$ cat model_32.csv   # CSV, C-alpha atoms
chain,number,residue,atom,x,y,z
U,6,MET,CA,70.5,-5.1,14.7
U,7,TRP,CA,68.1,-7.7,13.6
U,8,GLY,CA,64.7,-7.8,15.3
U,9,MET,CA,65.8,-5.4,18.0
U,10,SER,CA,63.4,-2.4,18.1
U,11,GLU,CA,64.2,-1.4,21.6
U,12,PRO,CA,67.1,-1.7,24.1
U,13,GLU,CA,67.5,-5.1,25.6
U,14,THR,CA,69.3,-6.0,28.8
U,15,ILE,CA,70.6,-9.4,29.9
U,16,ARG,CA,71.1,-9.4,33.7
U,17,MET,CA,73.4,-12.1,35.0
U,18,GLU,CA,74.1,-12.8,38.7
U,19,ILE,CA,76.8,-15.3,39.2
U,20,SER,CA,79.0,-16.7,42.0
U,21,SER,CA,82.4,-15.1,41.9
U,22,ASP,CA,84.5,-18.1,41.0
U,23,GLY,CA,87.5,-17.5,38.8
U,24,ALA,CA,86.9,-20.7,37.0
U,25,PHE,CA,83.8,-19.2,35.5
U,26,LEU,CA,85.5,-16.5,33.6
U,27,PRO,CA,86.0,-18.4,30.2
U,28,SER,CA,82.2,-19.3,30.2
U,29,VAL,CA,81.1,-15.8,31.1
U,30,ARG,CA,83.4,-14.3,28.4
U,31,GLN,CA,82.0,-16.8,25.8
U,32,PHE,CA,78.5,-15.9,26.9
U,33,VAL,CA,79.0,-12.2,26.3
U,34,SER,CA,80.4,-13.0,22.8
U,35,ASP,CA,77.6,-15.4,22.0
U,36,ALA,CA,75.0,-12.9,23.2
U,37,ALA,CA,76.5,-10.1,21.2
U,38,LEU,CA,76.4,-12.2,18.0
U,39,ALA,CA,72.8,-13.1,18.8
U,40,ALA,CA,72.0,-9.4,19.1
U,41,GLY,CA,73.4,-8.8,15.6
U,42,PHE,CA,77.0,-7.7,16.4
U,43,CYS,CA,79.6,-8.6,13.8
U,44,PRO,CA,82.1,-11.3,14.9
U,45,LYS,CA,84.9,-8.7,15.4
U,46,SER,CA,82.7,-6.6,17.7
U,47,ALA,CA,81.5,-9.7,19.6
U,48,GLY,CA,85.2,-10.6,20.1
U,49,LEU,CA,85.8,-7.1,21.4
U,50,ALA,CA,82.9,-7.5,23.8
U,51,GLU,CA,84.4,-10.7,25.0
U,52,ALA,CA,87.7,-9.0,25.6
U,53,GLU,CA,86.1,-6.2,27.5
U,54,ALA,CA,84.2,-8.7,29.7
U,55,ASN,CA,87.5,-10.4,30.4
U,56,SER,CA,89.2,-7.2,31.4
U,57,LEU,CA,86.3,-6.2,33.7
U,58,TRP,CA,86.4,-9.6,35.4
U,59,ILE,CA,90.2,-9.9,35.8
U,60,GLY,CA,90.3,-6.4,37.2
U,61,LEU,CA,88.4,-7.6,40.3
U,62,SER,CA,90.6,-7.9,43.3
U,63,GLY,CA,89.9,-10.7,45.9
U,64,THR,CA,86.1,-10.9,45.9
U,65,ALA,CA,84.9,-12.6,49.0
U,66,PRO,CA,84.2,-16.4,48.8
U,67,GLY,CA,80.5,-17.0,48.3
U,68,SER,CA,79.8,-13.5,46.9
U,69,LEU,CA,77.7,-12.8,43.8
U,70,LEU,CA,78.7,-10.6,40.9
U,71,ARG,CA,76.2,-8.9,38.6
U,72,LEU,CA,77.0,-8.4,34.9
U,73,ASP,CA,74.5,-6.3,33.0
U,74,CYS,CA,74.8,-6.6,29.2
U,75,SER,CA,72.7,-3.7,27.8
U,76,PHE,CA,72.3,-3.6,24.0
U,77,THR,CA,71.3,0.1,23.3
U,78,GLU,CA,69.4,1.6,20.4
U,79,ASN,CA,72.6,3.1,18.9
U,80,ASN,CA,74.0,-0.3,18.3
U,81,SER,CA,76.3,-0.5,21.3
U,82,LEU,CA,76.7,-2.9,24.1
U,83,VAL,CA,77.3,-1.5,27.6
U,84,LEU,CA,78.8,-4.0,30.1
U,85,THR,CA,78.5,-3.2,33.8
U,86,LEU,CA,80.1,-5.4,36.5
U,87,SER,CA,79.0,-4.9,40.1
U,88,ASP,CA,78.7,-6.6,43.4
U,89,VAL,CA,75.2,-7.9,44.2
U,90,SER,CA,75.3,-7.4,48.0
U,91,SER,CA,77.0,-4.0,48.2
U,92,GLY,CA,75.9,-2.6,44.8
U,93,LYS,CA,79.4,-1.4,44.2
U,94,VAL,CA,80.1,-1.0,40.5
U,95,HIS,CA,83.5,-2.5,39.6
U,96,GLY,CA,83.6,-1.2,36.1
U,97,MET,CA,81.8,-0.4,32.9
U,98,ARG,CA,82.7,-0.8,29.2
U,99,THR,CA,81.0,0.2,26.0
U,100,VAL,CA,81.5,-1.7,22.7
U,101,ARG,CA,80.2,-0.6,19.3
U,102,GLY,CA,78.3,-3.3,17.5
U,103,ALA,CA,79.1,-2.9,13.8
U,104,CYS,CA,82.4,-3.4,12.1
U,105,GLU,CA,83.4,-0.5,9.9
Z,29,MET,CA,116.2,-11.0,54.6
Z,30,ASN,CA,114.0,-12.1,57.5
Z,31,VAL,CA,115.1,-14.8,59.8
Z,32,PRO,CA,113.7,-18.1,58.4
Z,33,GLN,CA,110.6,-19.2,60.3
Z,34,VAL,CA,108.3,-22.2,60.2
Z,35,SER,CA,105.0,-22.2,62.0
Z,36,LEU,CA,101.7,-24.1,61.9
Z,37,GLU,CA,98.3,-22.6,62.8
Z,38,SER,CA,94.6,-23.0,61.9
Z,39,LEU,CA,93.0,-20.9,59.3
Z,40,ALA,CA,90.6,-18.5,61.0
Z,41,GLU,CA,87.9,-18.9,58.2
Z,42,GLU,CA,88.2,-22.7,58.1
Z,43,PRO,CA,89.4,-24.4,61.3
Z,44,SER,CA,89.9,-27.7,59.5
Z,45,VAL,CA,92.6,-26.1,57.4
Z,46,SER,CA,96.0,-25.9,58.9
Z,47,VAL,CA,98.4,-23.3,57.5
Z,48,LEU,CA,102.1,-24.0,57.4
Z,49,ARG,CA,103.6,-20.6,57.2
Z,50,LEU,CA,107.2,-20.4,56.0
Z,51,SER,CA,109.2,-17.3,55.7
Z,52,GLY,CA,112.7,-16.3,54.6
Z,53,ASP,CA,115.1,-18.7,52.8
Z,54,ILE,CA,114.1,-22.3,53.6
Z,55,GLY,CA,116.9,-24.8,53.4
Z,56,ILE,CA,117.8,-28.3,54.5
Z,57,GLU,CA,118.1,-27.3,58.1
Z,58,HIS,CA,114.4,-26.5,58.3
Z,59,ILE,CA,113.2,-29.9,57.1
Z,60,SER,CA,112.9,-31.6,60.5
Z,61,GLY,CA,110.8,-28.7,61.8
Z,62,ILE,CA,108.5,-28.9,58.8
Z,63,VAL,CA,108.1,-32.6,58.9
Z,64,GLN,CA,107.5,-32.8,62.7
Z,65,ARG,CA,104.7,-30.3,62.4
Z,66,VAL,CA,103.1,-31.8,59.4
Z,67,ASP,CA,103.3,-35.4,60.7
Z,68,ALA,CA,101.7,-34.3,64.0
Z,69,LEU,CA,98.5,-33.3,62.1
Z,70,PRO,CA,95.6,-35.5,63.3
Z,71,GLU,CA,93.9,-38.0,61.0
Z,72,ASN,CA,90.9,-36.2,59.5
Z,73,LYS,CA,89.4,-36.9,56.1
Z,74,ARG,CA,88.2,-33.3,55.8
Z,75,ALA,CA,91.5,-31.7,56.8
Z,76,HIS,CA,93.7,-29.8,54.5
Z,77,LEU,CA,97.2,-28.3,54.8
Z,78,LEU,CA,97.9,-25.0,53.1
Z,79,ILE,CA,101.5,-24.1,52.7
Z,80,ASP,CA,101.8,-20.3,52.7
Z,81,LEU,CA,104.9,-19.4,50.6
Z,82,SER,CA,104.1,-15.6,50.3
Z,83,ALA,CA,107.1,-14.7,52.5
Z,84,VAL,CA,109.5,-17.2,51.1
Z,85,GLY,CA,112.5,-16.0,49.1
Z,86,PHE,CA,114.1,-19.3,48.4
Z,87,LEU,CA,113.0,-22.9,48.8
Z,88,SER,CA,115.7,-25.6,48.4
Z,89,SER,CA,115.2,-28.8,46.4
Z,90,PRO,CA,115.5,-31.0,49.5
Z,91,VAL,CA,112.7,-29.0,51.2
Z,92,VAL,CA,110.5,-29.5,48.1
Z,93,GLY,CA,111.3,-33.3,48.3
Z,94,ALA,CA,110.4,-33.3,52.0
Z,95,LEU,CA,107.1,-31.5,51.2
Z,96,MET,CA,106.3,-34.2,48.6
Z,97,GLY,CA,107.0,-36.8,51.3
Z,98,CYS,CA,104.6,-35.0,53.6
Z,99,ARG,CA,102.0,-34.9,50.9
Z,100,GLU,CA,102.3,-38.7,50.5
Z,101,ARG,CA,101.9,-39.4,54.2
Z,102,LEU,CA,99.1,-36.9,54.6
Z,103,SER,CA,97.1,-38.4,51.7
Z,104,ARG,CA,97.3,-41.7,53.6
Z,105,LYS,CA,95.5,-39.9,56.5
Z,106,GLY,CA,92.9,-38.6,54.1
Z,107,CYS,CA,94.3,-35.0,54.2
Z,108,SER,CA,95.0,-32.9,51.1
Z,109,ILE,CA,97.7,-30.2,50.6
Z,110,SER,CA,98.2,-27.1,48.5
Z,111,LEU,CA,100.4,-24.1,48.1
Z,112,LEU,CA,99.5,-20.5,48.6
Z,113,SER,CA,100.9,-17.3,47.0
Z,114,PRO,CA,104.5,-18.2,46.0
Z,115,ARG,CA,106.3,-15.1,44.7
Z,116,PRO,CA,106.6,-15.0,40.9
Z,117,GLU,CA,110.3,-15.9,40.9
Z,118,LEU,CA,109.7,-18.8,43.3
Z,119,ALA,CA,106.6,-19.9,41.4
Z,120,GLU,CA,108.6,-20.0,38.1
Z,121,LYS,CA,111.3,-22.2,39.8
Z,122,LEU,CA,108.6,-24.5,41.3
Z,123,ASP,CA,107.0,-24.9,37.9
Z,124,LEU,CA,110.3,-25.8,36.3
Z,125,MET,CA,110.7,-28.5,39.0
Z,126,GLY,CA,107.2,-29.8,38.2
Z,127,VAL,CA,105.8,-29.0,41.6
Z,128,ASN,CA,102.7,-27.5,40.0
Z,129,LEU,CA,101.9,-30.9,38.7
Z,130,VAL,CA,101.9,-32.4,42.2
Z,131,PHE,CA,100.4,-29.5,44.3
Z,132,ARG,CA,97.5,-27.3,43.5
Z,133,HIS,CA,98.5,-23.7,44.1
Z,134,TYR,CA,96.5,-20.6,44.7
Z,135,ARG,CA,97.2,-16.9,44.1
Z,136,THR,CA,95.1,-15.7,47.0
Z,137,LYS,CA,93.6,-17.0,50.2
Z,138,GLU,CA,90.1,-16.1,48.8
Z,139,ASP,CA,90.8,-18.3,45.7
Z,140,PHE,CA,91.8,-21.2,47.9
Z,141,LEU,CA,88.7,-20.8,50.1
Z,142,LYS,CA,86.4,-20.8,47.1
Z,143,ASP,CA,87.9,-24.0,45.8
Z,144,PHE,CA,88.1,-25.6,49.2
Z,145,ARG,CA,84.5,-24.9,50.1
Z,146,TRP,CA,83.4,-26.3,46.7
Z,147,GLU,CA,85.4,-29.5,47.2
Z,148,ALA,CA,85.2,-30.1,50.9
Z,149,ARG,CA,82.1,-28.3,52.1
Z,150,GLU,CA,80.1,-29.0,48.9
Z,151,GLU,CA,79.3,-25.3,48.6
Z,152,SER,CA,77.0,-24.6,45.7
Z,153,ARG,CA,77.5,-22.1,42.8
Z,154,LYS,CA,74.7,-19.9,41.6
Z,155,LEU,CA,73.6,-18.3,38.4
Z,156,GLN,CA,70.6,-16.1,37.8
Z,157,LEU,CA,69.7,-14.7,34.5
Z,158,GLN,CA,67.0,-12.3,33.3
Z,159,ILE,CA,67.1,-12.6,29.5
Z,160,PRO,CA,65.0,-11.1,26.7
Z,161,ALA,CA,62.5,-13.7,25.3
Z,162,ARG,CA,64.3,-14.2,22.0
Z,163,ALA,CA,65.2,-17.6,20.6
Z,164,GLY,CA,68.5,-16.2,19.3
Z,165,TYR,CA,69.9,-16.1,22.9
Z,166,VAL,CA,69.2,-19.7,23.7
Z,167,PRO,CA,72.4,-21.2,22.2
Z,168,ALA,CA,74.4,-18.7,24.3
Z,169,LEU,CA,72.5,-20.0,27.4
Z,170,ARG,CA,73.3,-23.6,26.5
Z,171,HIS,CA,77.0,-22.8,26.1
Z,172,LEU,CA,77.0,-20.9,29.4
Z,173,ILE,CA,75.4,-23.7,31.5
Z,174,SER,CA,77.6,-26.3,29.9
Z,175,GLY,CA,80.8,-24.3,30.4
Z,176,LEU,CA,80.0,-23.7,34.1
Z,177,LEU,CA,79.4,-27.4,34.7
Z,178,LEU,CA,82.5,-28.6,32.8
Z,179,CYS,CA,84.8,-26.2,34.6
Z,180,LYS,CA,83.7,-27.6,38.0
Z,181,GLY,CA,84.3,-31.2,37.0
Z,182,TYR,CA,81.0,-32.4,35.6
Z,183,SER,CA,81.4,-34.8,32.6
Z,184,SER,CA,80.6,-33.8,29.0
Z,185,ARG,CA,77.6,-36.1,29.2
Z,186,GLU,CA,76.2,-34.5,32.3
Z,187,ALA,CA,76.8,-31.0,30.9
Z,188,PHE,CA,75.0,-32.0,27.7
Z,189,VAL,CA,72.0,-33.3,29.6
Z,190,LEU,CA,71.6,-30.0,31.5
Z,191,GLU,CA,72.3,-28.1,28.3
Z,192,SER,CA,69.4,-29.9,26.6
Z,193,ILE,CA,67.1,-29.3,29.5
Z,194,VAL,CA,67.8,-25.6,29.5
Z,195,ASP,CA,67.3,-25.4,25.8
Z,196,GLU,CA,63.9,-27.1,25.9
Z,197,LEU,CA,62.7,-25.0,28.9
Z,198,SER,CA,63.9,-21.7,27.5
Z,199,ASN,CA,62.3,-22.4,24.1
Z,200,ASN,CA,59.0,-23.3,25.8
Z,201,ALA,CA,59.1,-20.1,27.9
Z,202,ILE,CA,59.7,-18.0,24.7
Z,203,GLU,CA,57.4,-19.9,22.3
Z,204,HIS,CA,54.5,-20.9,24.4
Z,205,GLY,CA,54.7,-18.4,27.3
Z,206,HIS,CA,54.4,-15.3,25.2
Z,207,PRO,CA,55.7,-13.3,28.2
Z,208,PRO,CA,54.2,-9.8,28.2
Z,209,ASP,CA,57.3,-8.3,29.8
Z,210,LYS,CA,59.3,-9.9,26.9
Z,211,LYS,CA,61.8,-11.6,29.2
Z,212,PHE,CA,62.2,-14.8,31.2
Z,213,CYS,CA,64.3,-15.9,34.2
Z,214,ILE,CA,66.7,-18.7,34.8
Z,215,THR,CA,67.8,-19.7,38.2
Z,216,PHE,CA,70.5,-22.3,38.2
Z,217,SER,CA,72.4,-23.7,41.2
Z,218,PHE,CA,74.8,-26.7,41.4
Z,219,ASP,CA,77.2,-28.3,43.7
Z,220,LYS,CA,79.3,-31.5,43.6
Z,221,ARG,CA,76.2,-33.7,43.8
Z,222,HIS,CA,73.3,-32.2,42.0
Z,223,ALA,CA,72.1,-29.3,39.8
Z,224,ARG,CA,68.8,-27.5,40.0
Z,225,LEU,CA,67.4,-25.4,37.2
Z,226,ALA,CA,64.3,-23.2,37.4
Z,227,VAL,CA,62.9,-21.4,34.3
Z,228,THR,CA,60.2,-18.8,35.0
Z,229,ASN,CA,58.1,-16.7,32.6
Z,230,SER,CA,55.2,-14.3,32.9
Z,231,CYS,CA,52.2,-15.0,30.6
Z,232,PRO,CA,49.0,-13.4,29.4
Z,233,GLU,CA,46.3,-14.1,32.0
Z,234,LEU,CA,45.2,-17.7,32.1
Z,235,SER,CA,41.7,-18.7,33.2
Z,236,PRO,CA,41.4,-21.5,35.7
Z,237,GLU,CA,40.6,-23.9,32.9
Z,238,GLU,CA,43.6,-22.8,30.8
Z,239,GLN,CA,45.8,-23.1,33.9
Z,240,GLU,CA,44.6,-26.7,34.3
Z,241,LYS,CA,45.2,-27.4,30.7
Z,242,VAL,CA,48.8,-26.3,31.0
Z,243,ARG,CA,49.2,-28.4,34.2
Z,244,ASP,CA,47.9,-31.4,32.3
Z,245,LYS,CA,50.5,-30.8,29.6
Z,246,PHE,CA,53.2,-31.0,32.2
Z,247,ARG,CA,51.7,-34.0,34.0
Z,248,ASN,CA,50.9,-36.0,30.9
Z,249,PRO,CA,53.0,-34.9,28.0
Z,250,ARG,CA,51.7,-36.6,24.8
Z,251,VAL,CA,54.2,-37.4,22.1
Z,252,GLU,CA,52.6,-38.0,18.6
Z,253,SER,CA,54.7,-40.5,16.7
Z,254,ASP,CA,54.4,-38.6,13.4
Z,255,ALA,CA,54.9,-35.1,14.9
Z,256,PHE,CA,58.2,-33.3,14.5
Z,257,ARG,CA,57.6,-31.2,17.7
Z,258,GLY,CA,56.1,-31.4,21.1
Z,259,ARG,CA,58.6,-33.7,22.7
Z,260,GLY,CA,60.1,-31.2,25.0
Z,261,ILE,CA,58.4,-32.0,28.3
Z,262,ALA,CA,58.6,-35.7,27.8
Z,263,LEU,CA,62.3,-35.4,27.1
Z,264,ILE,CA,62.9,-33.2,30.2
Z,265,LYS,CA,61.1,-35.7,32.3
Z,266,LYS,CA,63.2,-38.5,30.9
Z,267,LEU,CA,66.5,-36.6,31.4
Z,268,SER,CA,65.9,-35.2,34.9
Z,269,ASP,CA,65.5,-36.8,38.3
Z,270,GLU,CA,62.6,-34.6,39.2
Z,271,MET,CA,60.5,-32.0,37.4
Z,272,THR,CA,57.9,-29.9,39.2
Z,273,PHE,CA,55.9,-27.0,37.8
Z,274,HIS,CA,53.9,-24.1,39.2
Z,275,VAL,CA,51.2,-22.6,37.0
Z,276,GLU,CA,49.5,-19.4,38.1
Z,277,ALA,CA,47.2,-17.0,36.3
Z,278,ARG,CA,50.2,-14.8,35.1
Z,279,LYS,CA,53.2,-16.9,35.7
Z,280,ILE,CA,54.6,-20.3,34.8
Z,281,GLN,CA,57.7,-21.9,36.5
Z,282,VAL,CA,59.3,-25.3,35.8
Z,283,VAL,CA,61.9,-26.6,38.2
Z,284,VAL,CA,64.2,-29.5,37.3
Z,285,THR,CA,66.6,-31.4,39.5
Z,286,LYS,CA,69.4,-33.5,38.1
Z,287,LEU,CA,71.6,-35.7,40.3
Z,288,ARG,CA,75.2,-36.4,39.3
Z,289,GLU,CA,75.7,-39.7,37.5
Z,290,GLU,CA,79.5,-39.7,37.7
Z,291,LEU,CA,81.1,-38.5,41.0
$ encode --input "model_32.csv" --output "structure tokens"
Amino acid sequence: MWGMSEPETIRMEISSDGAFLPSVRQFVSDAALAAGFCPKSAGLAEAEANSLWIGLSGTAPGSLLRLDCSFTENNSLVLTLSDVSSGKVHGMRTVRGACE
Amino acid sequence: MNVPQVSLESLAEEPSVSVLRLSGDIGIEHISGIVQRVDALPENKRAHLLIDLSAVGFLSSPVVGALMGCRERLSRKGCSISLLSPRPELAEKLDLMGVNLVFRHYRTKEDFLKDFRWEAREESRKLQLQIPARAGYVPALRHLISGLLLCKGYSSREAFVLESIVDELSNNAIEHGHPPDKKFCITFSFDKRHARLAVTNSCPELSPEEQEKVRDKFRNPRVESDAFRGRGIALIKKLSDEMTFHVEARKIQVVVTKLREEL
């Protein structure tokens, strides 16, 4: 991946509002492209972020979600969605960065 | 099938919200009970009626018509009204009747509460980001901030202004901050009335003179007429309602507040 000599992590903490899902999904895709992923892999990353978020069941109003996007040295993106206050991990997904 | 029932109670989490709970098959014979209860609701601009349809098997067309009438009368009192958890078959029928165009409806009580507290309580939404200090990520940030604002009813113009501010501040943090930890932080919160954005970066140690020099750049941004760059701070000051800054030996933070123009 261009310019990336070591793993990079974007940590996002965001109010759990269902209306934010399209923007969060788009952010994951945009960030993956910026990290050097091909468009197809960025699209997959977006789909994985979507599936993590919609898998949440009834988060409490006012709660914060944490989404870690970790770009690893082996050209992968690891997405981890968790609850900020309890630390409970809701799910984790890995996406390979380069299209075959 | 359960015996049809109609009841009205307050929502425990939000006492200004009344819940009209219907269950079973609701037909024409239940209209008077529904209308009596709804019309007895007191005048209150912050009140809301939530109609819980989770236990309803069938809702006849005259009842839907009566609910539309209730909505009309409640809106004159300043109250709003929405539907909660219709079963999929009922939701499909209500959509065919165009009810979804008249009433907002929510899948869960939590979804309703989030929306209600944003609208009526002016609850804020928050975003915090720790992001690697690389210019390549800035367009993603712009889209994110803009998308969050647009989906909560901010206009395109308002979103674009905040987008431009986050762009300038992020590029400054990356380009001029040279953060030794190679990352910077964004803290963004907004409600129906205003948005607040803070961009923070670490920096190589600044002497007291250097700190003062940075402060001076924030206080008195100079724009050279023939220069292509260096307009960021002046632009942010122009676009925002308030800009404050905190310069320390190893940290710089800029905080911008922007009030809504169009409410």
$ atom_distance --input "model_32.csv" --atom1 "CA of Pro43 in chain Z" --atom2 "CA of His133 in chain Z"
19.5 Å
$ atom_distance --input "model_32.csv" --atom1 "CA of Glu270 in chain Z" --atom2 "CA of His206 in chain Z"
25.2 Å
$ residues_around --input "model_32.csv" --residues "Ala36 in chain U" --least-positions-apart "3" --cutoff "12 Å" --atoms "all atoms listed in the file" --output "MDAnalysis selection string"
(chainID U and resid 13:17 28:33 39:44 46:48 50:51 73:76 82 84 102) or (chainID Z and resid 159:160 162:172)
$ write_last_selection --input "model_32.csv" --atoms "C-alpha atoms" --output "short mmCIF file (atom, residue, chain, number, x, y, z; two decimals), keeping the file's coordinate frame"
data_model
loop_
_atom_site.label_atom_id
_atom_site.label_comp_id
_atom_site.auth_asym_id
_atom_site.auth_seq_id
_atom_site.Cartn_x
_atom_site.Cartn_y
_atom_site.Cartn_z
CA GLU U 13 67.50 -5.10 25.60
CA THR U 14 69.30 -6.00 28.80
CA ILE U 15 70.60 -9.40 29.90
CA ARG U 16 71.10 -9.40 33.70
CA MET U 17 73.40 -12.10 35.00
CA SER U 28 82.20 -19.30 30.20
CA VAL U 29 81.10 -15.80 31.10
CA ARG U 30 83.40 -14.30 28.40
CA GLN U 31 82.00 -16.80 25.80
CA PHE U 32 78.50 -15.90 26.90
CA VAL U 33 79.00 -12.20 26.30
CA ALA U 39 72.80 -13.10 18.80
CA ALA U 40 72.00 -9.40 19.10
CA GLY U 41 73.40 -8.80 15.60
CA PHE U 42 77.00 -7.70 16.40
CA CYS U 43 79.60 -8.60 13.80
CA PRO U 44 82.10 -11.30 14.90
CA SER U 46 82.70 -6.60 17.70
CA ALA U 47 81.50 -9.70 19.60
CA GLY U 48 85.20 -10.60 20.10
CA ALA U 50 82.90 -7.50 23.80
CA GLU U 51 84.40 -10.70 25.00
CA ASP U 73 74.50 -6.30 33.00
CA CYS U 74 74.80 -6.60 29.20
CA SER U 75 72.70 -3.70 27.80
CA PHE U 76 72.30 -3.60 24.00
CA LEU U 82 76.70 -2.90 24.10
CA LEU U 84 78.80 -4.00 30.10
CA GLY U 102 78.30 -3.30 17.50
CA ILE Z 159 67.10 -12.60 29.50
CA PRO Z 160 65.00 -11.10 26.70
CA ARG Z 162 64.30 -14.20 22.00
CA ALA Z 163 65.20 -17.60 20.60
CA GLY Z 164 68.50 -16.20 19.30
CA TYR Z 165 69.90 -16.10 22.90
CA VAL Z 166 69.20 -19.70 23.70
CA PRO Z 167 72.40 -21.20 22.20
CA ALA Z 168 74.40 -18.70 24.30
CA LEU Z 169 72.50 -20.00 27.40
CA ARG Z 170 73.30 -23.60 26.50
CA HIS Z 171 77.00 -22.80 26.10
CA LEU Z 172 77.00 -20.90 29.40
#
$ atom_distance --input "model_32.csv" --atom1 "CA of Leu70 in chain U" --atom2 "CA of Arg149 in chain Z"
21.2 Å
$ closest_residue --input "model_32.csv" --among "Z:Ser88, Z:Asn229, Z:Thr272, Z:Thr215" --to "chain U" --atoms "only C-alpha atoms"
Z:Thr215
$ interface_residues --input "model_32.csv" --of "chain Z" --to "chain U" --cutoff "12 Å" --atoms "all atoms listed in the file" --output "MDAnalysis selection string"
chainID Z and resid 41:42 134:146 151:181 209:219
$ closest_residue --input "model_32.csv" --among "Z:Glu233, Z:Ile261, Z:Ala75, Z:Glu117" --to "Ser198 in chain Z" --atoms "all atoms listed in the file"
Z:Ile261
$ closest_residue --input "model_32.csv" --among "Z:Ser103, Z:Ser51, Z:Ser110, Z:Ser184" --to "Leu81 in chain Z" --atoms "only C-alpha atoms"
Z:Ser51
